[in-house]
file entry-v6.tsv (TSV, C-alpha atoms)
chain	number	residue	atom	x	y	z
A	9	PHE	CA	-20.67	10.88	-0.27
A	10	ALA	CA	-17.39	9.51	-1.59
A	11	ILE	CA	-16.10	5.98	-2.12
A	12	ALA	CA	-12.76	4.23	-1.68
A	13	PHE	CA	-12.64	0.92	-3.54
A	14	ASP	CA	-10.43	-2.01	-2.81
A	15	VAL	CA	-9.40	-3.48	-6.17
A	16	ASP	CA	-8.71	-7.22	-6.06
A	17	GLY	CA	-11.83	-9.08	-5.01
A	18	VAL	CA	-14.07	-6.01	-5.30
A	19	LEU	CA	-13.60	-4.61	-8.81
A	20	LEU	CA	-11.34	-7.31	-10.27
A	21	ARG	CA	-10.81	-11.00	-9.67
A	22	GLY	CA	-8.08	-12.89	-11.50
A	23	GLY	CA	-7.63	-9.92	-13.84
A	24	GLU	CA	-11.29	-9.91	-14.91
A	25	PRO	CA	-13.96	-7.40	-13.87
A	26	VAL	CA	-16.36	-8.44	-11.13
A	27	PRO	CA	-19.87	-8.35	-12.66
A	28	GLY	CA	-21.32	-4.86	-12.39
A	29	ALA	CA	-17.99	-3.12	-11.68
A	30	ARG	CA	-17.94	-1.13	-14.93
A	31	GLU	CA	-21.52	0.03	-14.46
A	32	VAL	CA	-20.80	1.20	-10.92
A	33	LEU	CA	-17.80	3.24	-12.04
A	34	ASP	CA	-19.77	4.67	-14.97
A	35	PHE	CA	-22.47	5.86	-12.56
A	36	LEU	CA	-19.93	7.55	-10.30
A	37	ASP	CA	-18.31	9.35	-13.23
A	38	GLU	CA	-21.63	10.46	-14.68
A	39	ASN	CA	-22.75	11.86	-11.32
A	40	ASN	CA	-19.42	13.41	-10.27
A	41	VAL	CA	-19.06	11.24	-7.17
A	42	PRO	CA	-15.51	11.44	-5.78
A	43	HIS	CA	-13.86	8.02	-5.65
A	44	VAL	CA	-10.44	6.45	-5.45
A	45	PHE	CA	-8.94	3.00	-5.85
A	46	MET	CA	-7.18	2.06	-2.64
A	47	THR	CA	-4.98	-1.01	-2.84
A	48	ASN	CA	-2.18	-2.35	-0.67
A	49	GLY	CA	-0.37	-3.42	-3.81
A	50	GLY	CA	2.65	-1.52	-5.03
A	51	GLY	CA	5.99	-1.86	-6.69
A	52	THR	CA	4.83	0.22	-9.64
A	53	THR	CA	3.82	3.79	-10.33
A	54	GLU	CA	0.27	5.02	-9.88
A	55	ALA	CA	0.14	5.68	-13.63
A	56	LYS	CA	1.19	2.11	-14.48
A	57	LYS	CA	-1.38	0.69	-12.06
A	58	ALA	CA	-4.07	2.88	-13.59
A	59	GLU	CA	-3.08	1.66	-17.06
A	60	SER	CA	-3.25	-1.97	-15.91
A	61	MET	CA	-6.64	-1.47	-14.27
A	62	ALA	CA	-7.98	0.31	-17.35
A	63	LYS	CA	-6.97	-2.62	-19.52
A	64	CYS	CA	-8.76	-5.09	-17.24
A	65	LEU	CA	-11.85	-2.96	-16.75
A	66	GLY	CA	-12.12	-1.81	-20.35
A	67	ARG	CA	-12.47	1.83	-19.33
A	68	LYS	CA	-10.32	4.81	-18.45
A	69	VAL	CA	-8.81	4.98	-14.96
A	70	GLU	CA	-7.19	8.24	-13.86
A	71	ASP	CA	-3.87	7.78	-12.10
A	72	SER	CA	-4.77	10.58	-9.67
A	73	ARG	CA	-7.42	8.22	-8.27
A	74	VAL	CA	-4.98	5.37	-7.62
A	75	VAL	CA	-3.60	5.08	-4.08
A	76	LEU	CA	-1.07	2.28	-3.71
A	77	GLY	CA	0.35	1.00	-0.46
A	78	HIS	CA	3.34	3.32	-0.77
A	79	THR	CA	1.59	6.37	-2.28
A	80	PRO	CA	1.41	8.21	1.09
A	81	MET	CA	5.23	8.12	1.13
A	82	ARG	CA	4.97	11.27	-0.99
A	83	SER	CA	4.72	13.13	2.32
A	84	LEU	CA	8.22	11.97	3.34
A	85	GLN	CA	9.84	14.50	1.01
A	86	ALA	CA	9.62	17.28	3.59
A	87	LYS	CA	11.53	15.26	6.17
A	88	HIS	CA	13.92	13.07	4.16
A	89	HIS	CA	14.60	14.87	0.87
A	90	ASN	CA	18.31	15.23	1.67
A	91	ASP	CA	18.74	11.91	3.50
A	92	ASN	CA	20.19	8.62	2.27
A	93	VAL	CA	17.27	6.16	2.29
A	94	LEU	CA	17.65	2.37	2.34
A	95	VAL	CA	15.18	0.79	-0.10
A	96	VAL	CA	13.85	-2.70	0.60
A	97	GLY	CA	11.82	-4.62	-1.97
A	98	LYS	CA	12.09	-6.28	-5.36
A	99	HIS	CA	12.66	-5.04	-8.91
A	100	TYR	CA	14.65	-1.98	-7.89
A	101	GLU	CA	14.64	-0.71	-11.46
A	102	LYS	CA	10.95	0.00	-10.83
A	103	LEU	CA	11.13	1.08	-7.18
A	104	LEU	CA	13.87	3.71	-7.41
A	105	PRO	CA	12.08	5.92	-9.98
A	106	ILE	CA	9.01	5.83	-7.73
A	107	LEU	CA	10.87	7.11	-4.69
A	108	HIS	CA	12.75	9.67	-6.76
A	109	ALA	CA	9.40	10.94	-8.07
A	110	TYR	CA	8.20	11.15	-4.46
A	111	GLY	CA	11.08	13.56	-3.74
A	112	LEU	CA	13.58	11.10	-2.23
A	113	PRO	CA	16.56	11.25	-4.62
A	114	LYS	CA	19.25	9.69	-2.38
A	115	THR	CA	18.72	5.95	-2.17
A	116	THR	CA	20.67	2.78	-1.38
A	117	THR	CA	19.13	-0.58	-2.25
A	118	THR	CA	19.73	-3.73	-0.23
A	119	GLU	CA	21.63	-5.05	-3.26
A	120	GLU	CA	23.99	-2.06	-3.13
A	121	TYR	CA	24.34	-2.37	0.64
A	122	HIS	CA	25.22	-6.07	0.28
A	123	ARG	CA	27.70	-5.31	-2.49
A	124	GLN	CA	29.51	-2.87	-0.22
A	125	ARG	CA	29.49	-5.32	2.70
A	126	PRO	CA	29.58	-8.89	1.33
A	127	ALA	CA	30.25	-10.36	4.77
A	128	CYS	CA	26.89	-9.14	6.09
A	129	TYR	CA	25.20	-12.02	4.26
A	130	PRO	CA	27.80	-14.50	2.96
A	131	ASP	CA	25.27	-17.13	1.83
A	132	LEU	CA	24.37	-15.10	-1.24
A	133	PRO	CA	27.04	-14.29	-3.87
A	134	VAL	CA	27.61	-10.60	-4.55
A	135	GLU	CA	27.47	-9.41	-8.14
A	136	GLY	CA	29.34	-6.33	-9.35
A	137	GLN	CA	32.24	-4.36	-7.97
A	138	ALA	CA	32.13	-3.33	-4.34
A	139	GLN	CA	32.55	0.31	-3.40
A	140	ASP	CA	34.43	1.63	-0.41
A	141	PRO	CA	31.75	1.82	2.32
A	142	SER	CA	33.61	4.69	3.96
A	143	PHE	CA	32.26	6.92	1.18
A	144	GLN	CA	28.70	5.83	1.81
A	145	GLU	CA	26.47	8.38	3.54
A	146	PRO	CA	24.85	7.06	6.71
A	147	ILE	CA	21.32	5.74	6.23
A	148	LYS	CA	18.78	8.05	7.85
A	149	ALA	CA	15.55	6.28	6.85
A	150	VAL	CA	14.29	2.96	5.47
A	151	CYS	CA	11.47	2.54	2.94
A	152	VAL	CA	10.11	-1.00	2.64
A	153	MET	CA	8.23	-0.79	-0.65
A	154	ASN	CA	7.18	-4.43	-1.07
A	155	ASP	CA	8.29	-7.93	-0.14
A	156	PRO	CA	11.80	-8.68	-1.44
A	157	LEU	CA	12.92	-11.79	-3.27
A	158	TYR	CA	15.72	-12.59	-0.82
A	159	TRP	CA	14.00	-12.38	2.54
A	160	GLY	CA	16.94	-13.70	4.55
A	161	ARG	CA	19.39	-11.15	3.20
A	162	ASP	CA	17.05	-8.19	3.41
A	163	LEU	CA	15.86	-9.02	6.93
A	164	GLN	CA	19.49	-9.22	8.04
A	165	ILE	CA	20.38	-5.90	6.40
A	166	LEU	CA	17.28	-4.20	7.80
A	167	CYS	CA	18.20	-5.32	11.32
A	168	ASP	CA	21.85	-4.32	10.77
A	169	VAL	CA	20.87	-0.79	9.73
A	170	ILE	CA	18.64	-0.48	12.80
A	171	GLU	CA	21.46	-1.67	15.06
A	172	ASP	CA	23.96	0.73	13.44
A	173	SER	CA	21.58	3.64	14.03
A	174	GLY	CA	21.24	2.86	17.70
A	175	HIS	CA	17.65	1.77	17.06
A	176	THR	CA	16.65	5.28	15.96
A	177	VAL	CA	16.31	5.04	12.16
A	178	PRO	CA	12.64	5.30	11.07
A	179	VAL	CA	11.31	2.37	9.03
A	180	TYR	CA	8.46	3.27	6.68
A	181	SER	CA	6.72	0.09	5.53
A	182	ALA	CA	4.13	-0.28	2.80
A	183	CYS	CA	3.85	-4.04	3.42
A	184	ALA	CA	0.31	-4.44	4.68
A	185	ASP	CA	-1.69	-7.36	3.24
A	186	LEU	CA	-0.90	-10.67	4.92
A	187	GLN	CA	-3.07	-12.46	2.35
A	188	TYR	CA	-4.91	-11.60	-0.84
A	189	SER	CA	-7.38	-13.29	-3.16
A	190	SER	CA	-6.55	-14.29	-6.72
A	191	ASP	CA	-7.67	-16.88	-9.26
A	192	TYR	CA	-5.89	-19.51	-7.14
A	193	PRO	CA	-8.35	-21.58	-5.04
A	194	SER	CA	-6.97	-20.41	-1.66
A	195	PRO	CA	-5.61	-17.04	-0.45
A	196	ARG	CA	-1.95	-16.19	-1.22
A	197	PHE	CA	0.54	-14.59	1.16
A	198	GLY	CA	0.93	-10.89	0.39
A	199	ASN	CA	3.72	-8.41	1.04
A	200	GLY	CA	2.53	-8.04	4.62
A	201	ALA	CA	4.02	-11.46	5.34
A	202	PHE	CA	7.48	-9.88	5.11
A	203	ARG	CA	6.56	-7.27	7.74
A	204	HIS	CA	5.29	-10.00	10.06
A	205	ALA	CA	8.58	-11.86	9.60
A	206	PHE	CA	10.53	-8.71	10.48
A	207	ASP	CA	8.35	-8.05	13.53
A	208	ALA	CA	8.84	-11.64	14.72
A	209	LEU	CA	12.63	-11.60	14.28
A	210	TYR	CA	13.13	-8.20	15.86
A	211	GLY	CA	10.78	-9.10	18.68
A	212	ALA	CA	12.57	-12.41	19.30
A	213	VAL	CA	15.87	-10.56	19.76
A	214	HIS	CA	14.67	-7.42	21.56
A	215	GLY	CA	11.45	-8.53	23.23
A	216	GLU	CA	9.19	-6.02	21.46
A	217	ALA	CA	8.24	-4.73	18.03
A	218	TYR	CA	10.47	-2.06	16.53
A	219	PRO	CA	9.01	1.21	17.90
A	220	LYS	CA	10.23	3.43	15.05
A	221	GLN	CA	8.18	1.66	12.38
A	222	VAL	CA	5.52	3.63	10.46
A	223	LEU	CA	3.00	1.43	8.64
A	224	TYR	CA	1.25	2.43	5.43
A	225	GLY	CA	-1.59	0.74	3.60
A	226	LYS	CA	-4.81	-0.68	4.95
A	227	PRO	CA	-5.76	-0.93	7.84
A	228	ASN	CA	-3.41	1.82	8.99
A	229	LYS	CA	-5.01	5.19	9.76
A	230	VAL	CA	-2.30	7.23	8.04
A	231	SER	CA	-3.38	5.82	4.66
A	232	TYR	CA	-7.07	6.46	5.31
A	233	ASP	CA	-6.27	10.04	6.32
A	234	TYR	CA	-4.32	10.44	3.07
A	235	VAL	CA	-7.20	9.06	0.99
A	236	GLU	CA	-9.73	11.29	2.71
A	237	LYS	CA	-7.60	14.30	1.80
A	238	VAL	CA	-7.40	13.15	-1.83
A	239	LEU	CA	-11.19	12.76	-1.98
A	240	GLU	CA	-11.77	16.19	-0.45
A	241	GLU	CA	-9.45	17.74	-3.05
A	242	GLU	CA	-11.40	16.00	-5.82
A	243	GLU	CA	-14.69	17.25	-4.39
A	244	LEU	CA	-13.35	20.81	-4.48
A	245	ARG	CA	-12.27	20.31	-8.08
A	246	LEU	CA	-15.70	18.97	-9.03
A	247	GLY	CA	-17.41	21.85	-7.21
A	248	GLY	CA	-19.75	19.62	-5.25
A	249	GLU	CA	-21.10	19.69	-1.72
A	250	PRO	CA	-18.81	18.88	1.24
A	251	ILE	CA	-18.39	15.14	1.74
A	252	GLU	CA	-20.61	13.79	4.51
A	253	ALA	CA	-19.45	10.17	4.45
A	254	VAL	CA	-16.62	8.15	2.91
A	255	TYR	CA	-17.42	4.49	2.19
A	256	MET	CA	-14.71	1.87	2.07
A	257	ILE	CA	-15.86	-1.02	-0.14
A	258	GLY	CA	-13.65	-4.02	0.47
A	259	ASP	CA	-13.50	-7.81	0.72
A	260	ASN	CA	-11.09	-8.12	3.66
A	261	PRO	CA	-12.42	-7.56	7.20
A	262	GLU	CA	-8.89	-7.36	8.63
A	263	THR	CA	-7.66	-4.60	6.31
A	264	ASP	CA	-10.40	-2.78	4.38
A	265	ILE	CA	-13.08	-2.87	7.08
A	266	LEU	CA	-10.83	-2.60	10.14
A	267	GLY	CA	-9.07	0.39	8.60
A	268	ALA	CA	-12.32	2.27	8.04
A	269	ARG	CA	-13.38	1.58	11.62
A	270	ASN	CA	-10.01	2.75	12.96
A	271	ALA	CA	-10.12	5.90	10.83
A	272	GLY	CA	-13.47	6.89	12.32
A	273	GLY	CA	-14.95	10.28	11.51
A	274	LYS	CA	-16.63	10.23	8.10
A	275	TRP	CA	-15.57	6.66	7.29
A	276	ARG	CA	-18.11	3.87	6.80
A	277	SER	CA	-17.50	0.30	5.62
A	278	VAL	CA	-19.17	-2.09	3.19
A	279	LEU	CA	-17.96	-5.71	3.01
A	280	THR	CA	-18.48	-7.72	-0.19
A	281	LEU	CA	-18.73	-11.48	-0.70
A	282	SER	CA	-17.05	-11.31	-4.12
A	283	GLY	CA	-13.48	-11.82	-2.93
A	284	LEU	CA	-11.56	-12.93	0.14
A	285	PHE	CA	-14.45	-12.92	2.65
A	286	SER	CA	-16.80	-15.88	2.38
A	287	GLY	CA	-18.80	-15.48	5.59
A	288	GLY	CA	-18.45	-15.37	9.35
A	289	GLU	CA	-18.02	-12.63	11.90
A	290	HIS	CA	-17.39	-9.10	10.68
A	291	HIS	CA	-17.74	-5.51	11.87
A	292	ALA	CA	-18.70	-3.79	8.63
A	293	ASP	CA	-21.62	-1.39	8.47
A	294	ALA	CA	-23.09	-3.53	5.70
A	295	LEU	CA	-22.51	-6.95	4.11
A	296	VAL	CA	-23.38	-7.22	0.41
A	297	LYS	CA	-23.00	-9.66	-2.45
A	298	ASP	CA	-20.85	-7.48	-4.67
A	299	VAL	CA	-19.94	-3.93	-5.67
A	300	SER	CA	-23.31	-3.35	-7.38
A	301	GLU	CA	-25.17	-4.10	-4.16
A	302	ALA	CA	-22.66	-1.92	-2.31
A	303	LEU	CA	-23.58	1.08	-4.45
A	304	GLU	CA	-27.29	0.36	-3.98
A	305	TYR	CA	-26.79	0.34	-0.22
A	306	ILE	CA	-24.83	3.60	-0.24
A	307	ARG	CA	-27.35	5.37	-2.47
A	308	SER	CA	-30.20	4.25	-0.20
A	309	ARG	CA	-28.46	6.05	2.64
A	310	HIS	CA	-28.23	9.35	0.75
A	311	LYS	CA	-31.58	9.87	-0.95

call {"tool": "encode", "arguments": {"input": "entry-v6.tsv", "output": "structure tokens"}}
result
Amino acid sequence: FAIAFDVDGVLLRGGEPVPGAREVLDFLDENNVPHVFMTNGGGTTEAKKAESMAKCLGRKVEDSRVVLGHTPMRSLQAKHHNDNVLVVGKHYEKLLPILHAYGLPKTTTTEEYHRQRPACYPDLPVEGQAQDPSFQEPIKAVCVMNDPLYWGRDLQILCDVIEDSGHTVPVYSACADLQYSSDYPSPRFGNGAFRHAFDALYGAVHGEAYPKQVLYGKPNKVSYDYVEKVLEEEELRLGGEPIEAVYMIGDNPETDILGARNAGGKWRSVLTLSGLFSGGEHHADALVKDVSEALEYIRSRHK
């Protein structure tokens, strides 16, 4: 078997390890069990996320095992390597190197787009010198990496780019989690809230969701397919037996568990009570207290 872990609420909570998390990971390493860390978070590199997790967990985390919300965008290189890509998100000094490393070297941020066309969103002052937009290559794709700081501006620009393309430009969105758990008493809105805002605005104008939108992250099947491929490659590297089942251990029925059910095939789901989910209806294969009980359940199925 192989395991895909959600991070916040399953392995970590408020930056501290969930009891038993280290021991579970130690067991998997000692027994060469393929596993990855599958989070809808992003806005950083897989290596930086692994470094942050390692610091919290007090143990090594390999960046090859980290799958962020936007990690599957690596596959866009074959289609959009030579295209100008609009980048939506925050902290572009972090986002651009990520996309460039994914093989997408031609990028325009919403800040740059606004600078070239100040009238597109006059409520926000433009900083820096504007360039002649006639020299700007047409935008052939949009990558929404995370939720931006200036929602109003970026929603307007996103809709403008779609209109200019004749509603044909593909929008690749890594904004998945509507809510997430933290050390705050109640759930916080995640980057998925921005996607819901875009869907609502576009739908209010055009009567339907934008049909050219590709969604990454949990619960979307494309991300589970990507993770399954990563796990199979690790199993080959470890020289073990073919993977019979892949277990998603998560704390969110609407992302972690739903995604595993949608993926089908080898995927199974285990829901924990250590994070966002506190009880009620669910469709997981098993409901457990925490990640330690999750491993016990999985091992009992593969004696």

call {"tool": "atom_distance", "arguments": {"input": "entry-v6.tsv", "atom1": "atom CA of Leu279 of chain A", "atom2": "atom CA of Ile306 of chain A"}}
result
12.0 Å

call {"tool": "closest_residue", "arguments": {"input": "entry-v6.tsv", "among": "A:Ala10, A:Ala55, A:Cys64, A:Leu103", "to": "Gly22 of chain A", "atoms": "all atoms listed in the file"}}
result
A:Cys64

call {"tool": "closest_atom_pairs", "arguments": {"input": "entry-v6.tsv", "of": "segment 62-176 of chain A", "to": "segment 41-53 of chain A", "cutoff": "6 Å", "atoms": "only C-alpha atoms", "output": "CSV"}}
result
residue,atom,partner,partner_atom,distance
A:Arg73,CA,A:Val44,CA,4.5
A:Val74,CA,A:Phe45,CA,4.9
A:Val75,CA,A:Met46,CA,4.9
A:Leu76,CA,A:Thr47,CA,5.2
A:Gly77,CA,A:Asn48,CA,4.2
A:Leu103,CA,A:Gly51,CA,5.9

call {"tool": "closest_residue", "arguments": {"input": "entry-v6.tsv", "among": "A:Leu244, A:Met153, A:Ser173, A:Ile106", "to": "Leu223 of chain A", "atoms": "only C-alpha atoms"}}
result
A:Met153

call {"tool": "residues_around", "arguments": {"input": "entry-v6.tsv", "residues": "Glu236 of chain A", "least_positions_apart": "2", "cutoff": "9 Å", "atoms": "only C-alpha atoms", "output": "short mmCIF file (atom, residue, chain, number, x, y, z; two decimals) with C-alpha atoms, in the coordinates of the input"}}
result
data_model
loop_
_atom_site.label_atom_id
_atom_site.label_comp_id
_atom_site.auth_asym_id
_atom_site.auth_seq_id
_atom_site.Cartn_x
_atom_site.Cartn_y
_atom_site.Cartn_z
CA ALA A 10 -17.39 9.51 -1.59
CA ALA A 12 -12.76 4.23 -1.68
CA SER A 231 -3.38 5.82 4.66
CA TYR A 232 -7.07 6.46 5.31
CA ASP A 233 -6.27 10.04 6.32
CA TYR A 234 -4.32 10.44 3.07
CA VAL A 238 -7.40 13.15 -1.83
CA LEU A 239 -11.19 12.76 -1.98
CA GLU A 240 -11.77 16.19 -0.45
CA GLU A 241 -9.45 17.74 -3.05
CA VAL A 254 -16.62 8.15 2.91
CA LYS A 274 -16.63 10.23 8.10
CA TRP A 275 -15.57 6.66 7.29
#

call {"tool": "closest_residue", "arguments": {"input": "entry-v6.tsv", "among": "A:Val69, A:Glu289, A:Glu171, A:Asn40", "to": "Glu243 of chain A", "atoms": "all atoms listed in the file"}}
result
A:Asn40

call {"tool": "residues_near_point", "arguments": {"input": "entry-v6.tsv", "point": "(-10.3, -4.0, -2.6)", "cutoff": "12 Å", "atoms": "all atoms listed in the file", "output": "PyMOL selection string"}}
result
chain A and resi 11-21+26+29+44-49+74-77+185+188-190+225-227+256-265+277-285+298-299

call {"tool": "residues_around", "arguments": {"input": "entry-v6.tsv", "residues": "His175 of chain A", "least_positions_apart": "4", "cutoff": "12 Å", "atoms": "only C-alpha atoms", "output": "list in words"}}
result
Lys148, Ala149, Leu166, Cys167, Asp168, Val169, Ile170, Glu171, Val179, Tyr210, His214, Ala217, Tyr218, Pro219, Lys220 and Gln221 of chain A

call {"tool": "atom_distance", "arguments": {"input": "entry-v6.tsv", "atom1": "atom CA of Val93 of chain A", "atom2": "atom CA of Thr116 of chain A"}}
result
6.0 Å

call {"tool": "atom_distance", "arguments": {"input": "entry-v6.tsv", "atom1": "atom CA of Ala271 of chain A", "atom2": "atom CA of Thr176 of chain A"}}
result
27.3 Å

call {"tool": "closest_residue", "arguments": {"input": "entry-v6.tsv", "among": "A:Pro250, A:Gly288, A:Pro178, A:Asn154", "to": "Arg203 of chain A", "atoms": "all atoms listed in the file"}}
result
A:Asn154

call {"tool": "closest_residue", "arguments": {"input": "entry-v6.tsv", "among": "A:Leu295, A:Pro25, A:Arg245, A:Ser83", "to": "Arg67 of chain A", "atoms": "only C-alpha atoms"}}
result
A:Pro25

call {"tool": "closest_residue", "arguments": {"input": "entry-v6.tsv", "among": "A:Cys128, A:Leu65, A:Leu266, A:Leu246", "to": "Leu163 of chain A", "atoms": "all atoms listed in the file"}}
result
A:Cys128

call {"tool": "residues_around", "arguments": {"input": "entry-v6.tsv", "residues": "Ile147 of chain A", "least_positions_apart": "3", "cutoff": "8 Å", "atoms": "only C-alpha atoms", "output": "number ranges by chain"}}
result
A: 91-94, 150, 169, 177
